[in-house]
Amino acid sequence: MMTLNEYQELALRTAHLHENHEDDLLHGAAGVCTEAGELMDIYKRFKFYGKPVDWVNVKEEVGDVMWYLALVCQSAGISLEDAAKGNIEKLRVRYPDRFSRNAALERDLDAEREVLEKKKSLTV
(Lines give C-alpha, C1' and ligand atoms only; values in the text may rest on other atoms or scores of the structure.)
Protein backbone atom coordinates (compact mmCIF):
# COMPACT_ATOMS: atom_id res chain seq x y z
CA MET A 1 0.00 0.00 0.00
CA MET A 2 1.29 3.45 -0.90
CA THR A 3 1.48 6.10 1.81
CA LEU A 4 0.51 9.70 1.19
CA ASN A 5 4.15 10.73 1.53
CA GLU A 6 5.20 8.16 -1.06
CA TYR A 7 2.47 9.44 -3.37
CA GLN A 8 3.62 13.03 -2.88
CA GLU A 9 7.21 12.15 -3.73
CA LEU A 10 6.21 10.21 -6.85
CA ALA A 11 3.71 12.84 -8.00
CA LEU A 12 6.14 15.73 -7.58
CA ARG A 13 8.62 13.90 -9.77
CA THR A 14 6.37 15.05 -12.63
CA ALA A 15 6.04 18.66 -11.46
CA HIS A 16 7.89 21.68 -12.76
CA LEU A 17 8.77 23.29 -9.45
CA HIS A 18 9.48 27.01 -9.37
CA GLU A 19 12.11 28.79 -7.31
CA ASN A 20 9.29 30.93 -5.97
CA HIS A 21 7.07 28.76 -3.74
CA GLU A 22 4.22 31.23 -4.18
CA ASP A 23 4.12 30.32 -7.89
CA ASP A 24 3.80 26.64 -6.97
CA LEU A 25 1.04 27.54 -4.50
CA LEU A 26 -0.85 29.43 -7.21
CA HIS A 27 -0.35 26.62 -9.72
CA GLY A 28 -1.54 24.03 -7.19
CA ALA A 29 -4.52 26.02 -5.91
CA ALA A 30 -5.69 26.85 -9.45
CA GLY A 31 -5.28 23.20 -10.43
CA VAL A 32 -7.32 21.99 -7.44
CA CYS A 33 -10.13 24.36 -8.47
CA THR A 34 -9.97 23.25 -12.10
CA GLU A 35 -9.99 19.54 -11.29
CA ALA A 36 -12.74 19.97 -8.68
CA GLY A 37 -14.79 21.64 -11.42
CA GLU A 38 -14.21 18.65 -13.68
CA LEU A 39 -15.34 16.36 -10.85
CA MET A 40 -18.48 18.46 -10.39
CA ASP A 41 -19.13 18.28 -14.13
CA ILE A 42 -19.47 14.50 -13.81
CA TYR A 43 -22.30 14.99 -11.31
CA LYS A 44 -23.86 17.78 -13.38
CA ARG A 45 -24.01 15.49 -16.40
CA PHE A 46 -25.66 12.81 -14.26
CA LYS A 47 -28.13 15.09 -12.51
CA PHE A 48 -29.23 17.32 -15.36
CA TYR A 49 -28.47 15.35 -18.54
CA GLY A 50 -29.29 11.85 -17.35
CA LYS A 51 -25.84 10.46 -18.15
CA PRO A 52 -24.53 7.62 -15.99
CA VAL A 53 -21.75 8.47 -13.58
CA ASP A 54 -18.41 7.62 -15.16
CA TRP A 55 -16.65 6.12 -12.14
CA VAL A 56 -13.37 5.72 -14.01
CA ASN A 57 -13.43 9.46 -14.68
CA VAL A 58 -14.29 10.12 -11.01
CA LYS A 59 -11.15 8.19 -10.02
CA GLU A 60 -9.08 10.14 -12.55
CA GLU A 61 -10.30 13.54 -11.34
CA VAL A 62 -9.75 12.64 -7.68
CA GLY A 63 -6.21 11.62 -8.59
CA ASP A 64 -5.70 14.91 -10.42
CA VAL A 65 -6.91 16.84 -7.35
CA MET A 66 -4.44 14.86 -5.25
CA TRP A 67 -1.59 15.74 -7.64
CA TYR A 68 -2.32 19.44 -7.26
CA LEU A 69 -2.70 19.06 -3.49
CA ALA A 70 0.76 17.48 -3.41
CA LEU A 71 2.05 20.60 -5.18
CA VAL A 72 0.27 22.89 -2.70
CA CYS A 73 1.76 20.96 0.21
CA GLN A 74 5.23 21.11 -1.34
CA SER A 75 4.94 24.88 -1.73
CA ALA A 76 3.97 25.16 1.95
CA GLY A 77 6.75 22.85 3.12
CA ILE A 78 4.39 20.24 4.50
CA SER A 79 3.62 16.66 3.57
CA LEU A 80 0.27 15.35 2.38
CA GLU A 81 0.36 13.00 5.33
CA ASP A 82 0.84 15.88 7.77
CA ALA A 83 -2.05 17.76 6.15
CA ALA A 84 -4.26 14.68 6.46
CA LYS A 85 -3.28 14.08 10.10
CA GLY A 86 -3.86 17.74 10.93
CA ASN A 87 -7.29 17.59 9.34
CA ILE A 88 -8.26 14.56 11.45
CA GLU A 89 -7.03 16.24 14.63
CA LYS A 90 -9.03 19.37 13.77
CA LEU A 91 -12.13 17.27 13.16
CA ARG A 92 -11.64 15.53 16.51
CA VAL A 93 -11.73 18.93 18.20
CA ARG A 94 -14.74 20.04 16.17
CA TYR A 95 -16.68 16.79 16.53
CA PRO A 96 -15.40 14.96 19.64
CA ASP A 97 -17.97 12.17 19.28
CA ARG A 98 -19.26 12.48 15.74
CA PHE A 99 -20.84 15.06 13.45
CA SER A 100 -23.63 17.16 14.89
CA ARG A 101 -25.27 20.25 13.48
CA ASN A 102 -24.78 22.06 16.77
CA ALA A 103 -21.03 21.35 16.78
CA ALA A 104 -20.82 22.47 13.15
CA LEU A 105 -22.51 25.77 13.98
CA GLU A 106 -20.71 26.46 17.28
CA ARG A 107 -17.11 25.71 16.36
CA ASP A 108 -14.22 26.67 18.61
CA LEU A 109 -12.00 28.13 15.91
CA ASP A 110 -9.23 28.97 18.38
CA ALA A 111 -9.01 25.34 19.56
CA GLU A 112 -9.02 24.12 15.94
CA ARG A 113 -6.25 26.55 15.02
CA GLU A 114 -4.19 25.48 18.03
CA VAL A 115 -4.27 21.85 16.91
CA LEU A 116 -3.28 22.81 13.36
CA GLU A 117 -0.39 24.98 14.55
CA LYS A 118 1.01 22.06 16.53
CA LYS A 119 0.91 19.88 13.41
CA LYS A 120 2.68 22.49 11.27
CA SER A 121 6.11 21.56 12.57
CA LEU A 122 6.22 18.31 10.57
CA THR A 123 7.61 18.87 7.08
CA VAL A 124 8.41 16.92 3.93
# chains A, B, ... in the order shown; residues from 1 in each chain; ligands from 1
>>> residues_around(residues="Ala29 of chain A", least_positions_apart="3", cutoff="12 Å", atoms="only C-alpha atoms", output="PyMOL selection string")
chain A and resi 22-26+32-36+65-76
>>> atom_distance(atom1="atom CA of Val58 of chain A", atom2="atom CA of Leu4 of chain A")
19.2 Å
>>> residues_around(residues="segment 107-118 of chain A", least_positions_apart="5", cutoff="10 Å", atoms="only C-alpha atoms", output="PDB file with all heavy atoms, in the first residue's frame")
ATOM      1  N   ASP A  82       0.996  14.921   6.672  1.00  0.00           N
ATOM      2  CA  ASP A  82       0.837  15.878   7.765  1.00  0.00           C
ATOM      3  C   ASP A  82      -0.462  16.664   7.611  1.00  0.00           C
ATOM      4  O   ASP A  82      -1.162  16.907   8.591  1.00  0.00           O
ATOM      5  CB  ASP A  82       2.039  16.820   7.832  1.00  0.00           C
ATOM      6  CG  ASP A  82       2.026  17.671   9.080  1.00  0.00           C
ATOM      7  OD1 ASP A  82       1.739  17.129  10.167  1.00  0.00           O
ATOM      8  OD2 ASP A  82       2.294  18.874   8.971  1.00  0.00           O
ATOM      9  N   ALA A  83      -0.791  17.043   6.381  1.00  0.00           N
ATOM     10  CA  ALA A  83      -2.045  17.755   6.146  1.00  0.00           C
ATOM     11  C   ALA A  83      -3.239  16.877   6.520  1.00  0.00           C
ATOM     12  O   ALA A  83      -4.193  17.340   7.153  1.00  0.00           O
ATOM     13  CB  ALA A  83      -2.136  18.200   4.689  1.00  0.00           C
ATOM     14  N   LYS A  85      -3.254  14.271   8.640  1.00  0.00           N
ATOM     15  CA  LYS A  85      -3.278  14.083  10.095  1.00  0.00           C
ATOM     16  C   LYS A  85      -3.808  15.334  10.797  1.00  0.00           C
ATOM     17  O   LYS A  85      -4.593  15.240  11.736  1.00  0.00           O
ATOM     18  CB  LYS A  85      -1.885  13.749  10.617  1.00  0.00           C
ATOM     19  CG  LYS A  85      -1.441  12.351  10.291  1.00  0.00           C
ATOM     20  CD  LYS A  85      -0.026  12.113  10.802  1.00  0.00           C
ATOM     21  CE  LYS A  85       0.467  10.732  10.468  1.00  0.00           C
ATOM     22  NZ  LYS A  85       1.858  10.516  10.919  1.00  0.00           N
ATOM     23  N   GLY A  86      -3.376  16.497  10.340  1.00  0.00           N
ATOM     24  CA  GLY A  86      -3.864  17.742  10.929  1.00  0.00           C
ATOM     25  C   GLY A  86      -5.359  17.907  10.761  1.00  0.00           C
ATOM     26  O   GLY A  86      -6.056  18.371  11.669  1.00  0.00           O
ATOM     27  N   ASN A  87      -5.853  17.499   9.595  1.00  0.00           N
ATOM     28  CA  ASN A  87      -7.289  17.586   9.343  1.00  0.00           C
ATOM     29  C   ASN A  87      -8.066  16.686  10.300  1.00  0.00           C
ATOM     30  O   ASN A  87      -9.096  17.093  10.859  1.00  0.00           O
ATOM     31  CB  ASN A  87      -7.589  17.222   7.891  1.00  0.00           C
ATOM     32  CG  ASN A  87      -9.062  17.294   7.585  1.00  0.00           C
ATOM     33  OD1 ASN A  87      -9.716  16.269   7.480  1.00  0.00           O
ATOM     34  ND2 ASN A  87      -9.573  18.500   7.454  1.00  0.00           N
ATOM     35  N   ILE A  88      -7.582  15.478  10.526  1.00  0.00           N
ATOM     36  CA  ILE A  88      -8.261  14.559  11.453  1.00  0.00           C
ATOM     37  C   ILE A  88      -8.236  15.110  12.871  1.00  0.00           C
ATOM     38  O   ILE A  88      -9.248  15.061  13.583  1.00  0.00           O
ATOM     39  CB  ILE A  88      -7.623  13.153  11.380  1.00  0.00           C
ATOM     40  CG1 ILE A  88      -7.883  12.512  10.012  1.00  0.00           C
ATOM     41  CG2 ILE A  88      -8.118  12.264  12.516  1.00  0.00           C
ATOM     42  CD1 ILE A  88      -9.363  12.338   9.654  1.00  0.00           C
ATOM     43  N   GLU A  89      -7.108  15.662  13.288  1.00  0.00           N
ATOM     44  CA  GLU A  89      -7.033  16.241  14.634  1.00  0.00           C
ATOM     45  C   GLU A  89      -7.997  17.416  14.781  1.00  0.00           C
ATOM     46  O   GLU A  89      -8.648  17.567  15.812  1.00  0.00           O
ATOM     47  CB  GLU A  89      -5.600  16.666  14.960  1.00  0.00           C
ATOM     48  CG  GLU A  89      -4.648  15.506  15.113  1.00  0.00           C
ATOM     49  CD  GLU A  89      -5.073  14.534  16.197  1.00  0.00           C
ATOM     50  OE1 GLU A  89      -5.483  14.985  17.292  1.00  0.00           O
ATOM     51  OE2 GLU A  89      -4.998  13.314  15.963  1.00  0.00           O
ATOM     52  N   LYS A  90      -8.084  18.245  13.746  1.00  0.00           N
ATOM     53  CA  LYS A  90      -9.026  19.372  13.773  1.00  0.00           C
ATOM     54  C   LYS A  90     -10.457  18.861  13.885  1.00  0.00           C
ATOM     55  O   LYS A  90     -11.261  19.380  14.671  1.00  0.00           O
ATOM     56  CB  LYS A  90      -8.866  20.220  12.508  1.00  0.00           C
ATOM     57  CG  LYS A  90      -9.871  21.358  12.423  1.00  0.00           C
ATOM     58  CD  LYS A  90      -9.862  22.011  11.068  1.00  0.00           C
ATOM     59  CE  LYS A  90     -10.585  21.121  10.084  1.00  0.00           C
ATOM     60  NZ  LYS A  90     -10.787  21.718   8.774  1.00  0.00           N
ATOM     61  N   LEU A  91     -10.779  17.829  13.124  1.00  0.00           N
ATOM     62  CA  LEU A  91     -12.131  17.275  13.164  1.00  0.00           C
ATOM     63  C   LEU A  91     -12.444  16.636  14.508  1.00  0.00           C
ATOM     64  O   LEU A  91     -13.586  16.679  14.968  1.00  0.00           O
ATOM     65  CB  LEU A  91     -12.327  16.272  12.026  1.00  0.00           C
ATOM     66  CG  LEU A  91     -12.334  16.890  10.631  1.00  0.00           C
ATOM     67  CD1 LEU A  91     -12.346  15.800   9.565  1.00  0.00           C
ATOM     68  CD2 LEU A  91     -13.504  17.846  10.452  1.00  0.00           C
ATOM     69  N   ARG A  92     -11.427  16.091  15.166  1.00  0.00           N
ATOM     70  CA  ARG A  92     -11.640  15.530  16.513  1.00  0.00           C
ATOM     71  C   ARG A  92     -11.994  16.625  17.506  1.00  0.00           C
ATOM     72  O   ARG A  92     -12.774  16.407  18.426  1.00  0.00           O
ATOM     73  CB  ARG A  92     -10.394  14.783  16.979  1.00  0.00           C
ATOM     74  CG  ARG A  92     -10.237  13.443  16.325  1.00  0.00           C
ATOM     75  CD  ARG A  92      -9.067  12.679  16.916  1.00  0.00           C
ATOM     76  NE  ARG A  92      -9.003  11.368  16.298  1.00  0.00           N
ATOM     77  CZ  ARG A  92      -7.890  10.776  15.933  1.00  0.00           C
ATOM     78  NH1 ARG A  92      -6.724  11.351  16.137  1.00  0.00           N
ATOM     79  NH2 ARG A  92      -7.923   9.582  15.379  1.00  0.00           N
ATOM     80  N   VAL A  93     -11.391  17.797  17.330  1.00  0.00           N
ATOM     81  CA  VAL A  93     -11.726  18.927  18.195  1.00  0.00           C
ATOM     82  C   VAL A  93     -13.143  19.415  17.874  1.00  0.00           C
ATOM     83  O   VAL A  93     -13.933  19.686  18.773  1.00  0.00           O
ATOM     84  CB  VAL A  93     -10.700  20.074  18.023  1.00  0.00           C
ATOM     85  CG1 VAL A  93     -11.177  21.355  18.691  1.00  0.00           C
ATOM     86  CG2 VAL A  93      -9.348  19.654  18.579  1.00  0.00           C
ATOM     87  N   ARG A  94     -13.445  19.521  16.596  1.00  0.00           N
ATOM     88  CA  ARG A  94     -14.745  20.040  16.167  1.00  0.00           C
ATOM     89  C   ARG A  94     -15.883  19.086  16.527  1.00  0.00           C
ATOM     90  O   ARG A  94     -16.944  19.501  16.971  1.00  0.00           O
ATOM     91  CB  ARG A  94     -14.734  20.276  14.664  1.00  0.00           C
ATOM     92  CG  ARG A  94     -15.990  20.977  14.174  1.00  0.00           C
ATOM     93  CD  ARG A  94     -15.979  21.214  12.687  1.00  0.00           C
ATOM     94  NE  ARG A  94     -14.842  22.041  12.306  1.00  0.00           N
ATOM     95  CZ  ARG A  94     -14.499  22.269  11.048  1.00  0.00           C
ATOM     96  NH1 ARG A  94     -15.173  21.747  10.056  1.00  0.00           N
ATOM     97  NH2 ARG A  94     -13.456  23.032  10.774  1.00  0.00           N
ATOM     98  N   TYR A  95     -15.658  17.805  16.297  1.00  0.00           N
ATOM     99  CA  TYR A  95     -16.683  16.785  16.532  1.00  0.00           C
ATOM    100  C   TYR A  95     -16.104  15.698  17.427  1.00  0.00           C
ATOM    101  O   TYR A  95     -15.695  14.638  16.942  1.00  0.00           O
ATOM    102  CB  TYR A  95     -17.151  16.166  15.212  1.00  0.00           C
ATOM    103  CG  TYR A  95     -17.586  17.165  14.174  1.00  0.00           C
ATOM    104  CD1 TYR A  95     -16.863  17.336  12.995  1.00  0.00           C
ATOM    105  CD2 TYR A  95     -18.713  17.956  14.377  1.00  0.00           C
ATOM    106  CE1 TYR A  95     -17.263  18.251  12.032  1.00  0.00           C
ATOM    107  CE2 TYR A  95     -19.118  18.876  13.420  1.00  0.00           C
ATOM    108  CZ  TYR A  95     -18.386  19.019  12.256  1.00  0.00           C
ATOM    109  OH  TYR A  95     -18.783  19.926  11.317  1.00  0.00           O
ATOM    110  N   ASN A 102     -25.135  21.081  15.744  1.00  0.00           N
ATOM    111  CA  ASN A 102     -24.782  22.057  16.769  1.00  0.00           C
ATOM    112  C   ASN A 102     -23.267  22.294  16.800  1.00  0.00           C
ATOM    113  O   ASN A 102     -22.816  23.434  16.840  1.00  0.00           O
ATOM    114  CB  ASN A 102     -25.282  21.591  18.138  1.00  0.00           C
ATOM    115  CG  ASN A 102     -25.082  22.652  19.197  1.00  0.00           C
ATOM    116  OD1 ASN A 102     -25.482  23.800  19.007  1.00  0.00           O
ATOM    117  ND2 ASN A 102     -24.458  22.272  20.295  1.00  0.00           N
TER     118      ASN A 102
END
>>> select_by_dssp(residues="chain A", states="helix (DSSP H, G or I)", output="VMD selection string")
chain A and resid 4 to 12 21 to 49 55 to 76 80 to 94 101 to 105 109 to 119
>>> atom_distance(atom1="atom CA of Tyr7 of chain A", atom2="atom CA of Leu80 of chain A")
8.5 Å
